[in-house]
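Report on one structure; see the data block that follows.
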There are 2 protein chains.
Amino acid sequence: MEVEKIQRVPSYKMLAEALVQNILDGRLKVGDALPTEAVLCDSFGVNRSTVREGVRLLEEAGMLLRNGKKLLITHPSREQLGAQVQRAMVLKEVRIEELWEGLFILDPALAELAALRRTEAAVEALAANVKATEEALDRGDPVVQLDIEFHSLVAEAADNHALLVAREPLGRLLFPAFDVVMTKVGSAGDRLLTAHTAIFEAIRKKDAAGARKWMEKHIQDFKRGYEVAGVDMRTPVVQVQKTSAAR
Amino acid sequence: MEVEKIQRVPSYKMLAEALVQNILDGRLKVGDALPTEAVLCDSFGVNRSTVREGVRLLEEAGMLLRNGKKLLITHPSREQLGAQVQRAMVLKEVRIEELWEGLFILDPALAELAALRRTEAAVEALAANVKATEEALDRGDPVVQLDIEFHSLVAEAADNHALLVAREPLGRLLFPAFDVVMTKVGSAGDRLLTAHTAIFEAIRKKDAAGARKWMEKHIQDFKRGYEVAGVDMRTPVVQVQKTSAAR
């Protein structure tokens, strides 16, 4: 009876899993070339089409980079990792208020850590972002991408890779949803710039309490903007940007 | 010159992306059968092998469920979504202290929300988990899976799907890493049970402050356990469980 429960695993999946294991173990390192199809056929005792399908899975997972005819081992980017989770959140009809609540918990804590740990390079990256945001607002250009980037830079400065990867899809989904407020509430751009500037200054001065406090105010202000614009935060979030599946 | 920069997108990827878009738009709903290969060939003007490869990508992304000969639309599970992120964290050599810090920020906030929002069903699920943990400790069985589940149940009770998905890989990677403390520090099991019981009771009584405080203590205790066991939390985390890639 138990035999019925056994799930067949296709051989291309087993091959992909075996290659992943080799990467996790460090036997295949970033920048190494993947062994040729012929070598893989030989090593695993499978045919060429199995090898090709297995390799395609690995490419899809962002673990291979095509360089001319060669395939090099690489690590998936934060964007690639986030794309799948992001899509799932849209599918599950996650509401804007849920994303907001998530960043209301995460971003003030990350701002505090950023103030304690930031490097000079992180300060420079934040300074450039704030300057670009100011210029974009002057020109009347959209600042959605700069807004996403600002919060990611703060998270990067906090130097916690687990949280950095975990929060990425939330930022990518929430900040584009703020566009509706930006177009309806005239002062929203100025308020955003004031907050980003204050958060940046606090991080630069290593003022952890100030960075947290300003980030908290800033995320609160997001909610206030929704209220002023008369938009319901219980609306399910929509996919604004292309996912990376077609790249 | 610019033409060189254009990236060719293989047709199976374009097909997969088009199907995803149909699912996101709600034209294909959960439980619907995927159109047959012949229909897909016709609708998209591609050949069978392209359709097969595109469909395989969708299956890989956890968006199709095989039911006999039929393929039904489904949403990826939290575990499937987490697997890719989890693997990336191992690849990036995320340290145990980074995971710990992530849950030190997230889990107390989630416990607080859980106390405010928990349903009767959530209370029952937590009660069953605490009871099973007590019995496993009595028998001297490992409680890693129950520990992961307890924290996931708290996150579920907080009723925020964005955070639920985001924190899953952190819990799945961190709690197994506690095994080393459990085997070295005799009192670790009792301390875990005391904390889980107190958190559960606070959530049951809708005591938000108590739930937060006990969860904070509990996650702090994790770090203390590492110190007592003399294990360095700067160690990169390892993949303890099989990823779902081979399922």
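Here's how to read the names in the structure tokens: chain A, B, ... by the order shown, residue numbers from 1 in each chain, ligand numbers from 1 in the order shown.
Here the residues within segment 39-219 of chain B that DSSP labels strand (DSSP E or B) on the basis of the backbone are Leu64, Leu65, Arg66, Asn67, Lys70, Leu71, Leu72, Ile73 and Arg95 of chain B.
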Which residues, written as a ChimeraX atom specification, have at least one atom at most 12 Å from Gly26 of chain B, with only C-alpha atoms counted and residues fewer than 3 positions away on the same chain left out? /A:90-93,238 /B:19-23,29-32,73-74
The selected residues should be written to file as a compact mmCIF listing (two decimals), in the first residue's frame (atoms: all heavy atoms).
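The resulting file, part-v4.txt, is reproduced below:
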# COMPACT_ATOMS: atom_id res chain seq x y z
N VAL A 90 1.09 38.76 -4.91
CA VAL A 90 0.02 39.27 -5.79
C VAL A 90 -1.06 38.20 -5.94
O VAL A 90 -2.25 38.48 -5.84
CB VAL A 90 0.57 39.70 -7.16
CG1 VAL A 90 -0.55 40.12 -8.09
CG2 VAL A 90 1.57 40.85 -6.98
N LEU A 91 -0.62 36.95 -6.16
CA LEU A 91 -1.56 35.83 -6.30
C LEU A 91 -2.43 35.68 -5.07
O LEU A 91 -3.63 35.41 -5.16
CB LEU A 91 -0.81 34.52 -6.53
CG LEU A 91 -0.29 34.24 -7.93
CD1 LEU A 91 0.54 32.98 -7.92
CD2 LEU A 91 -1.46 34.09 -8.90
N LYS A 92 -1.82 35.80 -3.90
CA LYS A 92 -2.55 35.62 -2.64
C LYS A 92 -3.37 36.85 -2.29
O LYS A 92 -3.97 36.92 -1.23
CB LYS A 92 -1.57 35.35 -1.49
CG LYS A 92 -0.70 34.12 -1.65
CD LYS A 92 -1.37 32.87 -1.09
CE LYS A 92 -0.44 31.68 -1.23
NZ LYS A 92 -1.13 30.41 -1.38
N GLU A 93 -3.33 37.85 -3.18
CA GLU A 93 -4.07 39.09 -2.95
C GLU A 93 -3.73 39.72 -1.61
O GLU A 93 -4.61 40.13 -0.84
CB GLU A 93 -5.57 38.85 -3.08
CG GLU A 93 -5.91 38.26 -4.44
CD GLU A 93 -7.40 38.25 -4.74
OE1 GLU A 93 -8.17 37.97 -3.84
OE2 GLU A 93 -7.76 38.54 -5.91
N VAL A 238 -1.13 45.21 -6.55
CA VAL A 238 -1.02 44.72 -7.92
C VAL A 238 0.45 44.73 -8.35
O VAL A 238 1.26 45.44 -7.79
CB VAL A 238 -1.85 45.56 -8.92
CG1 VAL A 238 -3.33 45.32 -8.71
CG2 VAL A 238 -1.50 47.02 -8.81
N LEU B 19 1.36 32.92 -19.51
CA LEU B 19 0.46 32.12 -18.67
C LEU B 19 0.41 32.69 -17.26
O LEU B 19 -0.67 32.79 -16.65
CB LEU B 19 0.93 30.65 -18.64
CG LEU B 19 0.73 29.88 -19.96
CD1 LEU B 19 1.38 28.51 -19.87
CD2 LEU B 19 -0.76 29.75 -20.29
N VAL B 20 1.57 33.08 -16.72
CA VAL B 20 1.59 33.70 -15.39
C VAL B 20 0.70 34.93 -15.38
O VAL B 20 -0.07 35.15 -14.44
CB VAL B 20 3.04 34.09 -14.98
CG1 VAL B 20 3.04 35.04 -13.79
CG2 VAL B 20 3.86 32.84 -14.66
N GLN B 21 0.80 35.73 -16.43
CA GLN B 21 0.00 36.95 -16.50
C GLN B 21 -1.50 36.62 -16.47
O GLN B 21 -2.28 37.29 -15.81
CB GLN B 21 0.37 37.72 -17.77
CG GLN B 21 0.22 39.23 -17.64
CD GLN B 21 0.88 39.77 -16.37
OE1 GLN B 21 2.07 39.59 -16.16
NE2 GLN B 21 0.10 40.41 -15.50
N ASN B 22 -1.88 35.53 -17.15
CA ASN B 22 -3.27 35.08 -17.13
C ASN B 22 -3.71 34.65 -15.74
O ASN B 22 -4.87 34.83 -15.37
CB ASN B 22 -3.47 33.92 -18.11
CG ASN B 22 -3.75 34.42 -19.52
OD1 ASN B 22 -4.85 34.88 -19.79
ND2 ASN B 22 -2.76 34.40 -20.39
N ILE B 23 -2.78 34.07 -14.99
CA ILE B 23 -3.11 33.65 -13.62
C ILE B 23 -3.22 34.88 -12.72
O ILE B 23 -4.14 35.01 -11.92
CB ILE B 23 -2.06 32.65 -13.09
CG1 ILE B 23 -2.02 31.39 -13.97
CG2 ILE B 23 -2.37 32.25 -11.64
CD1 ILE B 23 -0.91 30.41 -13.64
N LYS B 29 -7.91 30.61 -12.93
CA LYS B 29 -8.06 30.62 -11.48
C LYS B 29 -7.57 29.31 -10.85
O LYS B 29 -7.48 28.29 -11.53
CB LYS B 29 -9.54 30.82 -11.13
CG LYS B 29 -10.04 32.23 -11.41
CD LYS B 29 -11.46 32.39 -10.91
CE LYS B 29 -12.09 33.71 -11.33
NZ LYS B 29 -11.50 34.42 -12.48
N VAL B 30 -7.29 29.36 -9.55
CA VAL B 30 -6.88 28.15 -8.83
C VAL B 30 -7.93 27.07 -9.03
O VAL B 30 -9.13 27.32 -8.87
CB VAL B 30 -6.71 28.44 -7.32
CG1 VAL B 30 -6.56 27.14 -6.53
CG2 VAL B 30 -5.51 29.34 -7.09
N GLY B 31 -7.50 25.86 -9.39
CA GLY B 31 -8.42 24.75 -9.61
C GLY B 31 -8.79 24.57 -11.07
O GLY B 31 -9.22 23.49 -11.47
N ASP B 32 -8.63 25.64 -11.87
CA ASP B 32 -8.88 25.52 -13.31
C ASP B 32 -7.86 24.56 -13.92
O ASP B 32 -6.72 24.48 -13.47
CB ASP B 32 -8.69 26.88 -14.02
CG ASP B 32 -9.87 27.82 -13.79
OD1 ASP B 32 -10.84 27.40 -13.14
OD2 ASP B 32 -9.79 28.97 -14.26
N ILE B 73 -4.29 24.67 -12.13
CA ILE B 73 -3.66 25.90 -11.64
C ILE B 73 -3.63 25.86 -10.11
O ILE B 73 -4.63 25.52 -9.48
CB ILE B 73 -4.46 27.14 -12.08
CG1 ILE B 73 -4.70 27.14 -13.60
CG2 ILE B 73 -3.79 28.42 -11.62
CD1 ILE B 73 -3.47 27.29 -14.43
N THR B 74 -2.52 26.22 -9.52
CA THR B 74 -2.44 26.29 -8.07
C THR B 74 -1.51 27.44 -7.69
O THR B 74 -0.86 28.03 -8.54
CB THR B 74 -1.96 24.96 -7.47
OG1 THR B 74 -2.02 25.04 -6.06
CG2 THR B 74 -0.52 24.64 -7.87
Specify as a ChimeraX atom specification all residues of chain A found within 9 Å of chain B, counting only C-alpha atoms. /A:7-10,13-14,16-17,20,23-26,53,57,60-61,75-77,81-82,84-85,87-92,94-95,97-99,101-103,105-106,109,159-163,165-170,238-239,243,245-247
DSSP-assigned alpha helix (DSSP H) members of segment 84-221 of chain A, reported as a ChimeraX atom specification: /A:84-91,96-117,120-139,144-157,161-174,179-184,188-204,208-221
Find the residues around Val180 of chain A up to 9 Å (only C-alpha atoms counted), leave out those fewer than 5 positions away in its own chain, and share them as a count of residues only. 4
Give me, as a tab-separated table, the closest atom pair and its distance (Å, one decimal) for every residue of segment 83-135 of chain A within a cut-off of 12 Å of segment 200-204 of chain A, counting only C-alpha atoms, rows sorted by chain and rising number.
residue	atom	partner	partner_atom	distance
A:Pro108	CA	A:Ile203	CA	11.7
A:Leu110	CA	A:Ile203	CA	10.6
A:Ala111	CA	A:Ile203	CA	7.3
A:Glu112	CA	A:Ile203	CA	7.9
A:Leu113	CA	A:Ile203	CA	8.9
A:Ala114	CA	A:Ile203	CA	6.3
A:Ala115	CA	A:Ile203	CA	4.1
A:Leu116	CA	A:Ile203	CA	7.7
A:Arg117	CA	A:Ile203	CA	8.9
A:Arg118	CA	A:Ile203	CA	7.2
A:Thr119	CA	A:Arg204	CA	9.1
A:Glu120	CA	A:Arg204	CA	8.5
A:Ala121	CA	A:Arg204	CA	10.8
A:Ala122	CA	A:Arg204	CA	9.0
A:Val123	CA	A:Arg204	CA	6.0
A:Glu124	CA	A:Arg204	CA	9.2
A:Ala125	CA	A:Phe200	CA	10.1
A:Leu126	CA	A:Phe200	CA	6.6
A:Ala127	CA	A:Phe200	CA	7.2
A:Ala128	CA	A:Phe200	CA	10.5
A:Asn129	CA	A:Phe200	CA	9.7
A:Val130	CA	A:Phe200	CA	7.9
A:Lys131	CA	A:Phe200	CA	10.9
Quick one: residues within 7 Å of segment 141-150 of chain A, only C-alpha atoms counted, chain neighbours fewer than 4 positions away excluded, as a list of chain:residue names?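 Using only C-alpha atoms, the neighbours found are A:Leu126, A:Asn129, A:Thr133, A:Ala136, A:Leu137, A:Val154, A:Gly171, A:Arg172, A:Phe175, A:Pro176.
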Gap from atom CA of Phe44 of chain A to atom CA of Arg66 of chain A - Å, one decimal: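 The value is 22.2 Å.
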Exercise: segment 213-225 of chain B partners within 7 Å, only C-alpha atoms, chain neighbours under 2 positions left out, as an MDAnalysis selection string: chainID B and resid 104 107:108 111 181 195 198:199 209:211 227:229
Generate the output file for the selected residues, C-alpha atoms, as a PDB file, in the first residue's frame.
ATOM      1  CA  PHE B 104      14.547  39.130  17.142  1.00  0.00           C
ATOM      2  CA  ASP B 107       8.853  37.445  16.075  1.00  0.00           C
ATOM      3  CA  PRO B 108       8.103  39.714  19.096  1.00  0.00           C
ATOM      4  CA  ALA B 111       3.505  37.693  18.796  1.00  0.00           C
ATOM      5  CA  VAL B 181      22.499  23.936  21.851  1.00  0.00           C
ATOM      6  CA  ALA B 195       8.743  30.108  26.888  1.00  0.00           C
ATOM      7  CA  ALA B 198       3.999  31.485  28.277  1.00  0.00           C
ATOM      8  CA  ILE B 199       3.768  32.912  24.732  1.00  0.00           C
ATOM      9  CA  ALA B 209       2.316  43.157  25.769  1.00  0.00           C
ATOM     10  CA  GLY B 210       2.855  39.810  27.508  1.00  0.00           C
ATOM     11  CA  ALA B 211       3.129  37.937  24.202  1.00  0.00           C
ATOM     12  CA  GLU B 227      26.954  31.321  24.627  1.00  0.00           C
ATOM     13  CA  VAL B 228      26.484  28.610  27.242  1.00  0.00           C
ATOM     14  CA  ALA B 229      27.105  25.911  24.614  1.00  0.00           C
TER      15      ALA B 229
END
Which distance in Å separates atom CA of Thr235 of chain B and atom CA of Leu64 of chain A, to one decimal?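 Interatomic distance here is 26.4 Å.
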